[in-house]
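The next block is my_file_24.cif, given as mmCIF, C-alpha atoms and all ligand atoms.
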```cif
data_data
loop_
_atom_site.label_atom_id
_atom_site.label_comp_id
_atom_site.auth_asym_id
_atom_site.auth_seq_id
_atom_site.Cartn_x
_atom_site.Cartn_y
_atom_site.Cartn_z
CA MET A 257 -8.87 11.23 -2.77
CA ASP A 258 -5.12 10.81 -2.85
CA LYS A 259 -4.14 11.21 0.80
CA PHE A 260 -5.12 9.50 4.02
CA ASN A 261 -6.90 11.44 6.74
CA TRP A 262 -4.62 9.95 9.41
CA ASP A 263 -0.92 9.55 10.06
CA ARG A 264 1.23 7.87 12.70
CA SER A 265 0.50 10.59 15.25
CA ASP A 266 -3.18 9.54 15.31
CA LEU A 267 -2.23 6.12 16.64
CA PRO A 268 -0.65 4.88 19.87
CA GLU A 269 3.13 4.96 20.18
CA GLY A 270 4.66 1.86 18.58
CA PHE A 271 1.56 1.02 16.49
CA MET A 272 2.85 -1.33 13.79
CA PHE A 273 2.04 -0.94 10.10
CA GLY A 274 2.61 -3.80 7.73
CA THR A 275 1.45 -5.48 4.59
CA ALA A 276 0.50 -9.11 4.10
CA THR A 277 0.99 -11.74 1.41
CA SER A 278 0.95 -15.54 1.26
CA SER A 279 3.29 -18.05 -0.28
CA TYR A 280 1.08 -19.79 -2.87
CA GLN A 281 -0.42 -16.48 -3.99
CA ILE A 282 2.91 -14.83 -4.87
CA GLU A 283 5.94 -17.12 -4.90
CA GLY A 284 5.50 -19.23 -8.00
CA HIS A 285 5.09 -22.79 -6.83
CA GLY A 286 6.70 -24.20 -9.95
CA PHE A 287 10.10 -22.89 -8.83
CA GLY A 288 12.62 -24.26 -6.34
CA GLY A 289 11.60 -27.90 -6.00
CA ALA A 290 8.27 -27.36 -4.17
CA GLY A 291 5.95 -30.37 -3.97
CA ARG A 292 2.46 -30.58 -5.39
CA THR A 293 -0.35 -29.07 -3.33
CA HIS A 294 -4.11 -29.52 -3.19
CA TRP A 295 -4.46 -26.07 -4.77
CA ASP A 296 -2.67 -27.37 -7.90
CA ASP A 297 -5.17 -30.24 -7.96
CA PHE A 298 -8.18 -28.03 -7.25
CA ALA A 299 -7.19 -25.59 -10.02
CA ALA A 300 -6.69 -28.46 -12.48
CA THR A 301 -10.27 -29.60 -11.94
CA PRO A 302 -12.74 -28.00 -14.37
CA GLY A 303 -15.01 -25.32 -12.96
CA ASN A 304 -13.14 -24.56 -9.74
CA VAL A 305 -10.97 -21.58 -10.63
CA VAL A 306 -11.45 -18.72 -13.10
CA ARG A 307 -9.66 -19.74 -16.33
CA ALA A 308 -8.30 -22.74 -14.34
CA GLU A 309 -5.39 -20.53 -13.24
CA ASN A 310 -2.93 -21.79 -10.64
CA GLY A 311 0.01 -20.51 -8.60
CA LEU A 312 2.83 -22.15 -10.53
CA LYS A 313 4.25 -18.78 -11.64
CA ALA A 314 2.17 -16.25 -9.68
CA CYS A 315 4.25 -13.08 -9.12
CA ASP A 316 7.55 -14.99 -9.27
CA HIS A 317 8.33 -13.61 -5.84
CA TYR A 318 10.63 -16.64 -5.49
CA HIS A 319 13.14 -14.84 -7.72
CA ARG A 320 12.02 -11.23 -7.21
CA TYR A 321 11.69 -11.15 -3.43
CA ALA A 322 14.47 -8.54 -3.02
CA GLU A 323 12.65 -6.07 -5.28
CA ASP A 324 9.39 -6.80 -3.45
CA LEU A 325 10.88 -6.25 0.00
CA ASP A 326 12.46 -3.03 -1.27
CA LEU A 327 8.92 -1.87 -2.02
CA VAL A 328 7.72 -2.83 1.47
CA ALA A 329 10.59 -0.92 3.07
CA ALA A 330 10.29 2.12 0.80
CA ALA A 331 6.61 2.44 1.75
CA GLY A 332 7.79 3.11 5.30
CA LEU A 333 6.15 -0.03 6.66
CA ASP A 334 7.42 -1.66 9.85
CA ALA A 335 6.52 -5.27 9.28
CA TYR A 336 5.92 -7.87 6.60
CA ARG A 337 3.40 -10.66 7.09
CA PHE A 338 4.27 -13.62 4.87
CA SER A 339 3.60 -17.35 4.88
CA VAL A 340 5.76 -20.40 4.34
CA SER A 341 4.74 -23.22 2.04
CA TRP A 342 4.66 -26.65 3.66
CA ALA A 343 5.19 -28.37 0.28
CA ARG A 344 8.15 -26.13 -0.57
CA VAL A 345 9.88 -27.22 2.64
CA MET A 346 8.63 -30.83 2.71
CA PRO A 347 7.45 -31.80 -0.79
CA GLU A 348 5.66 -34.93 0.46
CA GLY A 349 4.34 -33.17 3.56
CA ARG A 350 6.30 -35.55 5.78
CA GLY A 351 9.83 -36.90 5.82
CA ALA A 352 12.23 -35.59 3.19
CA ILE A 353 13.22 -31.94 3.29
CA ASN A 354 13.76 -29.77 0.22
CA GLN A 355 16.90 -27.88 1.19
CA GLU A 356 16.30 -25.31 -1.56
CA GLY A 357 12.97 -24.46 0.07
CA LEU A 358 14.45 -24.02 3.54
CA ASP A 359 17.25 -21.90 2.08
CA PHE A 360 14.71 -19.68 0.32
CA TYR A 361 12.94 -18.83 3.58
CA ASP A 362 16.31 -18.31 5.23
CA ARG A 363 17.29 -15.75 2.55
CA LEU A 364 13.86 -14.15 2.69
CA THR A 365 14.13 -13.73 6.48
CA ASP A 366 17.56 -12.13 6.26
CA ALA A 367 16.35 -9.87 3.45
CA MET A 368 13.58 -8.59 5.76
CA LEU A 369 15.99 -7.95 8.61
CA GLU A 370 18.43 -6.16 6.29
CA ARG A 371 15.60 -3.76 5.46
CA ASP A 372 14.55 -3.31 9.08
CA LEU A 373 11.26 -5.12 8.51
CA LYS A 374 9.79 -7.28 11.26
CA PRO A 375 9.18 -10.80 9.92
CA CYS A 376 5.66 -11.95 10.85
CA ALA A 377 5.24 -15.53 9.72
CA THR A 378 2.19 -17.68 9.06
CA LEU A 379 2.92 -21.41 8.92
CA TYR A 380 -0.07 -22.41 6.79
CA HIS A 381 -1.90 -20.24 4.30
CA TRP A 382 -3.81 -22.99 2.52
CA GLU A 383 -1.51 -24.98 0.19
CA LEU A 384 -1.66 -28.46 1.71
CA PRO A 385 0.84 -30.93 0.22
CA SER A 386 -1.12 -33.31 -2.06
CA PRO A 387 0.23 -36.48 -0.42
CA LEU A 388 -1.37 -35.33 2.84
CA ALA A 389 -4.63 -34.59 1.05
CA ASP A 390 -4.47 -38.21 -0.15
CA LEU A 391 -4.52 -39.27 3.51
CA GLY A 392 -7.64 -37.20 4.19
CA GLY A 393 -5.95 -33.86 4.80
CA TRP A 394 -7.71 -31.84 7.48
CA ARG A 395 -10.22 -34.65 8.03
CA ASN A 396 -7.47 -36.84 9.45
CA GLY A 397 -6.59 -36.13 13.09
CA ASP A 398 -2.97 -37.14 12.43
CA ILE A 399 -2.58 -33.81 10.67
CA ALA A 400 -1.90 -32.14 14.03
CA ASN A 401 1.35 -34.06 14.38
CA TRP A 402 2.29 -33.79 10.69
CA PHE A 403 1.84 -30.05 11.07
CA GLY A 404 3.80 -30.05 14.31
CA ASP A 405 6.70 -31.79 12.56
CA PHE A 406 6.65 -29.26 9.73
CA THR A 407 6.60 -26.49 12.34
CA ASP A 408 9.74 -27.94 13.94
CA VAL A 409 11.55 -28.07 10.59
CA ILE A 410 10.74 -24.59 9.33
CA MET A 411 10.95 -22.79 12.68
CA GLY A 412 14.09 -24.74 13.56
CA LYS A 413 15.61 -22.89 10.61
CA ILE A 414 14.11 -19.37 10.73
CA GLY A 415 12.32 -19.20 14.10
CA ASP A 416 15.22 -17.43 15.81
CA ARG A 417 14.61 -14.35 13.63
CA MET A 418 10.80 -14.13 13.62
CA HIS A 419 9.09 -11.15 15.19
CA SER A 420 5.87 -13.16 15.48
CA VAL A 421 4.38 -16.42 14.25
CA ALA A 422 0.81 -17.66 13.77
CA PRO A 423 0.12 -21.26 12.80
CA ILE A 424 -2.91 -21.15 10.50
CA ASN A 425 -4.38 -18.32 8.44
CA GLU A 426 -8.16 -18.07 8.75
CA PRO A 427 -9.31 -21.40 10.21
CA TRP A 428 -12.85 -20.73 8.93
CA CYS A 429 -11.62 -20.79 5.33
CA VAL A 430 -9.60 -23.96 5.91
CA GLY A 431 -12.65 -25.60 7.53
CA TRP A 432 -15.99 -24.27 6.32
CA LEU A 433 -15.17 -22.57 3.02
CA SER A 434 -13.17 -25.56 1.80
CA HIS A 435 -15.16 -28.51 3.20
CA MET A 436 -18.76 -27.22 3.50
CA LEU A 437 -19.08 -24.70 0.65
CA GLY A 438 -16.46 -26.33 -1.60
CA HIS A 439 -15.21 -22.95 -2.81
CA HIS A 440 -11.57 -23.64 -1.94
CA ALA A 441 -9.37 -26.74 -2.06
CA PRO A 442 -10.12 -29.56 -1.47
CA GLY A 443 -13.58 -28.48 -2.70
CA LEU A 444 -15.68 -30.74 -0.50
CA ARG A 445 -19.32 -30.15 0.41
CA ASP A 446 -19.76 -32.40 3.40
CA ILE A 447 -20.82 -31.51 6.94
CA ARG A 448 -18.92 -34.36 8.56
CA ALA A 449 -15.71 -33.39 6.79
CA THR A 450 -16.35 -29.79 7.87
CA ALA A 451 -16.85 -30.59 11.56
CA ARG A 452 -13.70 -32.70 11.63
CA ALA A 453 -11.62 -30.22 9.64
CA MET A 454 -12.67 -27.33 11.91
CA HIS A 455 -11.75 -29.30 15.01
CA HIS A 456 -8.47 -30.60 13.59
CA VAL A 457 -7.45 -27.11 12.48
CA LEU A 458 -7.68 -26.05 16.12
CA LEU A 459 -5.81 -29.13 17.30
CA ALA A 460 -3.05 -28.45 14.74
CA HIS A 461 -2.98 -24.80 15.81
CA GLY A 462 -2.42 -25.73 19.47
CA THR A 463 0.12 -28.39 18.57
CA ALA A 464 2.17 -25.94 16.51
CA ILE A 465 2.08 -23.36 19.32
CA ASP A 466 3.34 -25.97 21.79
CA ARG A 467 6.11 -27.06 19.43
CA MET A 468 7.25 -23.46 18.96
CA ARG A 469 7.24 -22.79 22.72
CA ALA A 470 9.42 -25.89 23.07
CA LEU A 471 11.80 -24.40 20.47
CA GLY A 472 11.98 -21.25 22.60
CA LEU A 473 9.96 -18.97 20.31
CA SER A 474 7.83 -16.15 21.66
CA ASN A 475 5.17 -13.72 20.42
CA LEU A 476 2.93 -16.48 19.07
CA GLY A 477 -0.65 -15.79 18.02
CA GLY A 478 -3.58 -16.84 15.89
CA VAL A 479 -5.14 -15.19 12.81
CA PHE A 480 -8.93 -15.45 12.36
CA ASN A 481 -11.34 -13.98 9.83
CA PHE A 482 -14.63 -12.26 10.55
CA GLU A 483 -17.72 -11.14 8.63
CA TYR A 484 -20.48 -9.08 10.18
CA PRO A 485 -23.80 -10.92 9.69
CA HIS A 486 -26.79 -8.60 9.36
CA PRO A 487 -30.15 -10.36 9.58
CA ALA A 488 -31.75 -9.81 6.15
CA ASP A 489 -34.84 -8.37 7.89
CA ASP A 490 -36.10 -7.98 11.46
CA THR A 491 -38.03 -11.24 11.72
CA PRO A 492 -36.98 -13.63 14.51
CA GLU A 493 -36.16 -16.21 11.81
CA ALA A 494 -33.67 -13.90 10.11
CA MET A 495 -32.14 -12.99 13.46
CA GLU A 496 -31.70 -16.65 14.28
CA ALA A 497 -30.12 -17.28 10.85
CA ALA A 498 -27.62 -14.47 11.44
CA ALA A 499 -26.85 -15.80 14.92
CA VAL A 500 -26.03 -19.24 13.47
CA TYR A 501 -23.75 -17.63 10.89
CA ASP A 502 -22.05 -15.62 13.62
CA GLU A 503 -21.39 -18.77 15.67
CA TYR A 504 -19.79 -20.93 12.99
CA TYR A 505 -17.99 -18.08 11.24
CA ASN A 506 -16.93 -15.63 13.91
CA GLN A 507 -17.04 -17.49 17.22
CA PHE A 508 -16.21 -21.17 16.75
CA PHE A 509 -12.43 -20.85 16.81
CA LEU A 510 -12.08 -18.11 19.44
CA SER A 511 -14.52 -20.00 21.64
CA GLY A 512 -12.50 -23.21 21.27
CA ILE A 513 -9.21 -21.50 22.12
CA PHE A 514 -10.32 -19.06 24.81
CA LYS A 515 -13.24 -20.89 26.42
CA GLY A 516 -12.52 -24.54 25.70
CA GLU A 517 -15.98 -25.10 24.22
CA TYR A 518 -17.87 -24.76 20.95
CA PRO A 519 -20.85 -22.39 20.51
CA ALA A 520 -24.14 -24.16 21.33
CA ARG A 521 -25.88 -23.99 17.94
CA VAL A 522 -22.84 -25.29 16.07
CA LEU A 523 -22.14 -28.00 18.60
CA LYS A 524 -25.69 -29.30 18.23
CA ALA A 525 -25.16 -29.70 14.48
CA PHE A 526 -21.56 -30.97 14.71
CA GLU A 527 -21.72 -33.28 17.70
CA LEU A 528 -22.37 -36.52 15.88
CA HIS A 529 -19.60 -35.74 13.40
CA LEU A 530 -16.76 -34.73 15.69
CA PRO A 531 -13.96 -37.28 16.17
CA LYS A 532 -14.03 -39.55 19.24
CA GLY A 533 -12.58 -37.94 22.32
CA TRP A 534 -12.75 -34.44 20.86
CA GLN A 535 -13.28 -32.90 24.30
CA ASP A 536 -9.83 -34.10 25.38
CA ASP A 537 -8.22 -31.98 22.66
CA PHE A 538 -9.09 -28.69 24.34
CA LYS A 539 -6.06 -29.04 26.59
CA THR A 540 -3.91 -28.54 23.47
CA ILE A 541 -6.30 -26.17 21.73
CA GLN A 542 -6.35 -23.82 24.73
CA THR A 543 -2.59 -23.40 24.96
CA PRO A 544 -2.05 -19.68 25.71
CA LEU A 545 -1.41 -17.13 22.96
CA ASP A 546 0.45 -13.82 23.02
CA TRP A 547 -1.79 -11.97 20.55
CA VAL A 548 -4.78 -12.39 18.25
CA GLY A 549 -4.98 -11.21 14.64
CA LEU A 550 -8.26 -10.26 12.94
CA ASN A 551 -8.77 -10.35 9.19
CA TYR A 552 -11.75 -8.27 8.19
CA TYR A 553 -13.22 -7.28 4.82
CA THR A 554 -17.01 -7.12 4.78
CA CYS A 555 -20.50 -7.83 6.12
CA LYS A 556 -23.20 -10.21 4.85
CA ARG A 557 -27.04 -10.23 4.80
CA ILE A 558 -28.38 -13.53 6.07
CA ALA A 559 -31.87 -14.85 5.34
CA PRO A 560 -33.41 -18.13 6.53
CA ASN A 561 -34.29 -20.88 4.06
CA ASP A 562 -35.51 -24.48 4.10
CA ASP A 563 -32.17 -26.15 3.48
CA PRO A 564 -30.70 -28.51 6.05
CA TRP A 565 -28.68 -26.80 8.82
CA PRO A 566 -27.46 -24.03 8.85
CA SER A 567 -30.69 -23.32 6.89
CA HIS A 568 -29.84 -19.92 5.51
CA GLN A 569 -28.55 -18.05 2.49
CA GLU A 570 -26.80 -14.80 1.69
CA VAL A 571 -28.85 -12.08 0.02
CA ASP A 572 -27.76 -8.88 -1.67
CA GLY A 573 -27.04 -5.82 0.51
CA PRO A 574 -27.41 -2.08 -0.17
CA LEU A 575 -23.94 -0.69 0.62
CA PRO A 576 -21.30 0.22 -1.99
CA LYS A 577 -19.29 -2.86 -2.97
CA THR A 578 -15.71 -3.70 -3.90
CA LYS A 579 -14.81 -5.69 -7.03
CA MET A 580 -15.32 -8.86 -4.96
CA GLY A 581 -18.96 -7.81 -4.59
CA TRP A 582 -18.24 -7.29 -0.88
CA GLU A 583 -20.10 -4.46 0.88
CA ILE A 584 -17.92 -1.84 2.52
CA TYR A 585 -18.83 -1.82 6.22
CA PRO A 586 -16.08 -0.50 8.54
CA ASP A 587 -18.36 -0.62 11.61
CA GLY A 588 -17.94 -4.39 11.47
CA LEU A 589 -14.22 -4.03 12.12
CA HIS A 590 -14.92 -1.88 15.18
CA HIS A 591 -17.48 -4.45 16.34
CA PHE A 592 -15.11 -7.43 16.10
CA LEU A 593 -12.15 -5.63 17.69
CA THR A 594 -14.21 -4.62 20.71
CA ARG A 595 -16.16 -7.88 21.00
CA THR A 596 -13.01 -10.00 20.73
CA LYS A 597 -11.55 -8.08 23.66
CA ASP A 598 -14.77 -8.09 25.70
CA VAL A 599 -15.73 -11.73 25.22
CA TYR A 600 -12.52 -13.63 24.51
CA THR A 601 -9.12 -12.01 24.83
CA GLY A 602 -9.24 -9.26 27.47
CA ASP A 603 -5.90 -7.45 27.58
CA LEU A 604 -4.19 -9.58 24.93
CA PRO A 605 -2.82 -7.44 22.09
CA LEU A 606 -4.97 -7.42 18.95
CA LEU A 607 -3.77 -6.79 15.41
CA VAL A 608 -5.65 -6.23 12.20
CA THR A 609 -3.71 -8.82 10.21
CA GLU A 610 -5.64 -8.31 6.94
CA ASN A 611 -7.87 -5.62 5.49
CA GLY A 612 -8.09 -4.30 1.96
CA MET A 613 -10.11 -4.37 -1.24
CA ALA A 614 -10.16 -5.65 -4.81
CA ASN A 615 -10.45 -2.84 -7.31
CA ALA A 616 -10.51 -2.52 -11.10
CA ASP A 617 -6.99 -1.10 -11.25
CA ILE A 618 -5.53 -0.25 -14.62
CA ILE A 619 -2.26 1.35 -15.68
CA GLN A 620 -2.67 4.66 -17.50
CA ASN A 621 0.41 6.63 -18.52
CA GLY A 622 2.48 4.48 -16.19
CA GLN A 623 0.27 5.23 -13.20
CA VAL A 624 -2.47 3.42 -11.32
CA ASN A 625 -5.06 5.64 -9.73
CA ASP A 626 -6.99 3.80 -7.00
CA PRO A 627 -8.79 6.40 -4.86
CA GLU A 628 -11.33 3.69 -3.96
CA ARG A 629 -8.64 1.72 -2.11
CA ILE A 630 -7.37 4.83 -0.31
CA ALA A 631 -10.93 5.58 0.81
CA TYR A 632 -11.48 1.96 1.89
CA VAL A 633 -8.34 1.87 4.04
CA ASP A 634 -9.13 5.32 5.38
CA VAL A 635 -12.56 4.37 6.76
CA HIS A 636 -11.23 1.13 8.21
CA MET A 637 -8.34 2.94 9.92
CA LYS A 638 -10.95 5.26 11.41
CA ALA A 639 -12.76 2.19 12.75
CA VAL A 640 -9.48 0.99 14.27
CA GLN A 641 -9.02 4.36 15.96
CA ARG A 642 -12.55 4.21 17.34
CA ALA A 643 -11.94 0.70 18.67
CA ILE A 644 -8.76 1.89 20.39
CA ALA A 645 -10.63 4.83 21.91
CA ASP A 646 -13.20 2.32 23.18
CA GLY A 647 -10.48 0.33 24.92
CA ALA A 648 -9.51 -2.38 22.41
CA PRO A 649 -5.72 -2.96 22.64
CA VAL A 650 -5.09 -2.80 18.88
CA GLU A 651 -1.35 -2.70 18.18
CA GLY A 652 -1.05 -2.93 14.41
CA TYR A 653 -2.64 -2.93 10.97
CA PHE A 654 -1.61 -4.97 7.92
CA LEU A 655 -2.89 -4.14 4.46
CA TRP A 656 -3.90 -7.04 2.23
CA SER A 657 -1.96 -7.01 0.03
CA LEU A 658 1.48 -5.80 -0.97
CA MET A 659 0.82 -6.59 -4.62
CA ASP A 660 -1.80 -8.03 -6.95
CA ASN A 661 -1.62 -11.81 -6.77
CA TYR A 662 -3.35 -15.16 -7.22
CA GLU A 663 -6.75 -14.61 -5.64
CA TRP A 664 -7.54 -18.31 -5.21
CA ALA A 665 -10.73 -19.42 -7.00
CA LEU A 666 -10.86 -16.03 -8.73
CA GLY A 667 -7.47 -16.50 -10.33
CA TYR A 668 -5.55 -13.37 -11.29
CA GLU A 669 -8.70 -11.38 -11.93
CA LYS A 670 -9.12 -9.63 -8.57
CA ARG A 671 -6.47 -7.03 -7.76
CA PHE A 672 -5.88 -6.42 -4.03
CA GLY A 673 -2.38 -4.93 -4.19
CA ALA A 674 -0.96 -1.54 -3.24
CA VAL A 675 1.42 -2.46 -6.06
CA HIS A 676 0.08 -3.38 -9.50
CA VAL A 677 1.47 -6.52 -11.15
CA ASP A 678 1.37 -7.09 -14.90
CA PHE A 679 0.98 -10.87 -15.00
CA ASP A 680 2.59 -11.15 -18.46
CA THR A 681 5.76 -9.14 -17.81
CA LEU A 682 5.62 -9.36 -13.98
CA THR A 683 6.42 -5.65 -13.85
CA ARG A 684 5.54 -4.05 -10.50
CA THR A 685 3.98 -0.57 -10.50
CA PRO A 686 3.13 1.09 -7.17
CA LYS A 687 -0.43 2.44 -7.17
CA ALA A 688 -1.64 5.76 -5.76
CA SER A 689 -2.62 3.90 -2.56
CA TYR A 690 1.02 2.84 -2.14
CA TYR A 691 2.15 6.45 -2.32
CA ALA A 692 -0.63 7.55 0.03
CA LEU A 693 0.55 4.97 2.56
CA GLN A 694 4.12 6.12 2.18
CA ASP A 695 3.02 9.71 2.75
CA ALA A 696 0.93 8.89 5.84
CA LEU A 697 3.68 6.79 7.41
CA ARG A 698 6.36 9.41 6.86
CA ARG A 699 4.30 12.51 7.56
C1 LIG B 1 -8.33 -13.57 2.80
C2 LIG B 1 -7.12 -14.45 2.55
C3 LIG B 1 -6.15 -13.88 1.55
C4 LIG B 1 -6.87 -13.18 0.41
C5 LIG B 1 -7.84 -12.19 0.96
C6 LIG B 1 -8.55 -11.38 -0.11
O1 LIG B 1 -9.40 -14.36 3.21
O2 LIG B 1 -6.44 -14.69 3.74
O3 LIG B 1 -5.32 -14.92 1.10
O4 LIG B 1 -7.48 -14.13 -0.40
O5 LIG B 1 -8.81 -12.85 1.72
#
```
What is this file in structure tokens?
Amino acid sequence: MDKFNWDRSDLPEGFMFGTATSSYQIEGHGFGGAGRTHWDDFAATPGNVVRAENGLKACDHYHRYAEDLDLVAAAGLDAYRFSVSWARVMPEGRGAINQEGLDFYDRLTDAMLERDLKPCATLYHWELPSPLADLGGWRNGDIANWFGDFTDVIMGKIGDRMHSVAPINEPWCVGWLSHMLGHHAPGLRDIRATARAMHHVLLAHGTAIDRMRALGLSNLGGVFNFEYPHPADDTPEAMEAAAVYDEYYNQFFLSGIFKGEYPARVLKAFELHLPKGWQDDFKTIQTPLDWVGLNYYTCKRIAPNDDPWPSHQEVDGPLPKTKMGWEIYPDGLHHFLTRTKDVYTGDLPLLVTENGMANADIIQNGQVNDPERIAYVDVHMKAVQRAIADGAPVEGYFLWSLMDNYEWALGYEKRFGAVHVDFDTLTRTPKASYYALQDALRR
């Protein structure tokens, strides 16, 4: 397969196509006076990251951003979703500003506008400044104001030119994946830390939205990730296990923002751990949004077990898998787009802010043939079209990712890009999926 089975005419007028990246995964954190982050610390701890790789060099986007944005523009894309690094702008997380860092994002913004690309910013895509981690990081409720102050600094500089802004990429990963499962920095496995981090992420989200409204910014949203939980079998126990997973993974954050409450099963487990006066925070958490972004990759099979709450485990599923071992299940994307509208957001515009796959991409004769990625995007775009036909107001789709990059705990091993990166020479080579996208967008 080397072409998509859709083009712009299959989608509503004005439907926005983009690609997404994040700062720590591509920039090269060793450049430009950025401060240390908890990802540098996590990667330096044995056993956390494949080959103990970190983001100090990454794709060296810091110096090669013009070439990278040329690729985004030449693909025919409308928008570029990027993130800003807190520690690049404020190396200690608070106080002193690194002018070089601010200037970088200023240049990057102008470079997008020069190429007619809509800048879609994320304020936090996971690299917390280490000095803030020392103070408890997301466990400390003061983080909402630290984050608000960072928001003022960075958006005071580039906010006037943003098409859209979201405060925090994937609150579930910041909260659960990093504090309950320990798979991401800071690598904790602690239910109390998890409950507090998940609540504080929402408080910081609302605080940042309020700060940006005060600065006069508009088109502000939130970006959440979703996984479709299939019960491993049809016993009531497996159904209950999947329902618990659905609540803490897929519903906790939307429920907090759009209903001002936490889902019942999670609340029961979290209540004794939440910070004092947590109910009062919903006033901030519920501050209105202009759009909601969904990141979607896969489904899971959930089986009950005898562990303490949430008392379940993932088991292997039957569908074809990507190189992440993730089953390919586009119906899940349709499900979350329609459910988000029906249960939480109503008429609010929805965007697919991430979707894509890791593949074993290799260069042969100067070319990278990735029909698997073309097929993956194709079936997910079909799911988007079905969701639109069923009434979900989906207004855009962003491919994760522009180029191969630092895939967190999996280091440089998992390739998600439409553009191949040779991590020794840093040469960029567009893959067949890049050309297929270009063809579909221009057709
Ligand atoms: C998402 C993250 C992104 C990348 C993709 C594969 O959860 O937002 O940084 O790791 O998964």
Seminar exercise, completed: Computed gap from atom CA of Thr407 of chain A to atom CA of Ser474 of chain A is 14.0 Å
Wanna dump the segment 270-304 of chain A-segment 335-347 of chain A contacts at 6 Å for me, each residue with its shortest atom pair and the distance in Å to one decimal, counting all atoms listed in the file, ordered by chain and number, as JSON lines?
```
{"residue": "A:Gly274", "atom": "CA", "partner": "A:Ala335", "partner_atom": "CA", "distance": 4.5}
{"residue": "A:Thr275", "atom": "CA", "partner": "A:Tyr336", "partner_atom": "CA", "distance": 5.5}
{"residue": "A:Ala276", "atom": "CA", "partner": "A:Arg337", "partner_atom": "CA", "distance": 4.4}
{"residue": "A:Thr277", "atom": "CA", "partner": "A:Phe338", "partner_atom": "CA", "distance": 5.1}
{"residue": "A:Ser278", "atom": "CA", "partner": "A:Ser339", "partner_atom": "CA", "distance": 4.8}
{"residue": "A:Ser279", "atom": "CA", "partner": "A:Ser339", "partner_atom": "CA", "distance": 5.2}
{"residue": "A:Ala290", "atom": "CA", "partner": "A:Arg344", "partner_atom": "CA", "distance": 3.8}
{"residue": "A:Gly291", "atom": "CA", "partner": "A:Pro347", "partner_atom": "CA", "distance": 3.8}
```
Exercise. Counting only C-alpha atoms and all ligand atoms, which protein, DNA or RNA residues come within 7 Å of ligand LIG 1 (chain B), given as an MDAnalysis selection string?
Worked result: chainID A and resid 278 425:426 481 656 663:664 672
Exercise. Mind pulling up the distance from atom CA of Val640 of chain A to atom CA of His590 of chain A?
Worked result: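 So the answer is 6.2 Å.
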Exercise. Nearest to Ala308 of chain A among A:Met411, A:Ala400, A:Leu666, A:Ile630, with distances taken over only C-alpha atoms: which residue is it?
Worked result: A:Leu666
Exercise. Can you list, as a PyMOL selection string, every protein, DNA or RNA residue that comes within 8 Å of segment 648-655 of chain A when you count only C-alpha atoms, leaving out same-chain residues fewer than 5 positions away?
Worked result: chain A and resi 268+270-276+337+593-594+597+603-612+640+643
Exercise. Residues around (9.7, -24.4, 3.7), cut-off 12 Å, counting only C-alpha atoms - what are they as a ChimeraX atom specification?
Worked result: /A:279-280,283,285,288-291,339-350,352-365,377-380,383,385,405-415
Just-selected residues, C-alpha atoms written as a CSV table (one decimal), in the frame of the given file:
```csv
chain,number,residue,atom,x,y,z
A,279,SER,CA,3.3,-18.0,-0.3
A,280,TYR,CA,1.1,-19.8,-2.9
A,283,GLU,CA,5.9,-17.1,-4.9
A,285,HIS,CA,5.1,-22.8,-6.8
A,288,GLY,CA,12.6,-24.3,-6.3
A,289,GLY,CA,11.6,-27.9,-6.0
A,290,ALA,CA,8.3,-27.4,-4.2
A,291,GLY,CA,6.0,-30.4,-4.0
A,339,SER,CA,3.6,-17.4,4.9
A,340,VAL,CA,5.8,-20.4,4.3
A,341,SER,CA,4.7,-23.2,2.0
A,342,TRP,CA,4.7,-26.6,3.7
A,343,ALA,CA,5.2,-28.4,0.3
A,344,ARG,CA,8.2,-26.1,-0.6
A,345,VAL,CA,9.9,-27.2,2.6
A,346,MET,CA,8.6,-30.8,2.7
A,347,PRO,CA,7.4,-31.8,-0.8
A,348,GLU,CA,5.7,-34.9,0.5
A,349,GLY,CA,4.3,-33.2,3.6
A,350,ARG,CA,6.3,-35.6,5.8
A,352,ALA,CA,12.2,-35.6,3.2
A,353,ILE,CA,13.2,-31.9,3.3
A,354,ASN,CA,13.8,-29.8,0.2
A,355,GLN,CA,16.9,-27.9,1.2
A,356,GLU,CA,16.3,-25.3,-1.6
A,357,GLY,CA,13.0,-24.5,0.1
A,358,LEU,CA,14.4,-24.0,3.5
A,359,ASP,CA,17.2,-21.9,2.1
A,360,PHE,CA,14.7,-19.7,0.3
A,361,TYR,CA,12.9,-18.8,3.6
A,362,ASP,CA,16.3,-18.3,5.2
A,363,ARG,CA,17.3,-15.8,2.6
A,364,LEU,CA,13.9,-14.2,2.7
A,365,THR,CA,14.1,-13.7,6.5
A,377,ALA,CA,5.2,-15.5,9.7
A,378,THR,CA,2.2,-17.7,9.1
A,379,LEU,CA,2.9,-21.4,8.9
A,380,TYR,CA,-0.1,-22.4,6.8
A,383,GLU,CA,-1.5,-25.0,0.2
A,385,PRO,CA,0.8,-30.9,0.2
A,405,ASP,CA,6.7,-31.8,12.6
A,406,PHE,CA,6.6,-29.3,9.7
A,407,THR,CA,6.6,-26.5,12.3
A,408,ASP,CA,9.7,-27.9,13.9
A,409,VAL,CA,11.6,-28.1,10.6
A,410,ILE,CA,10.7,-24.6,9.3
A,411,MET,CA,11.0,-22.8,12.7
A,412,GLY,CA,14.1,-24.7,13.6
A,413,LYS,CA,15.6,-22.9,10.6
A,414,ILE,CA,14.1,-19.4,10.7
A,415,GLY,CA,12.3,-19.2,14.1
```
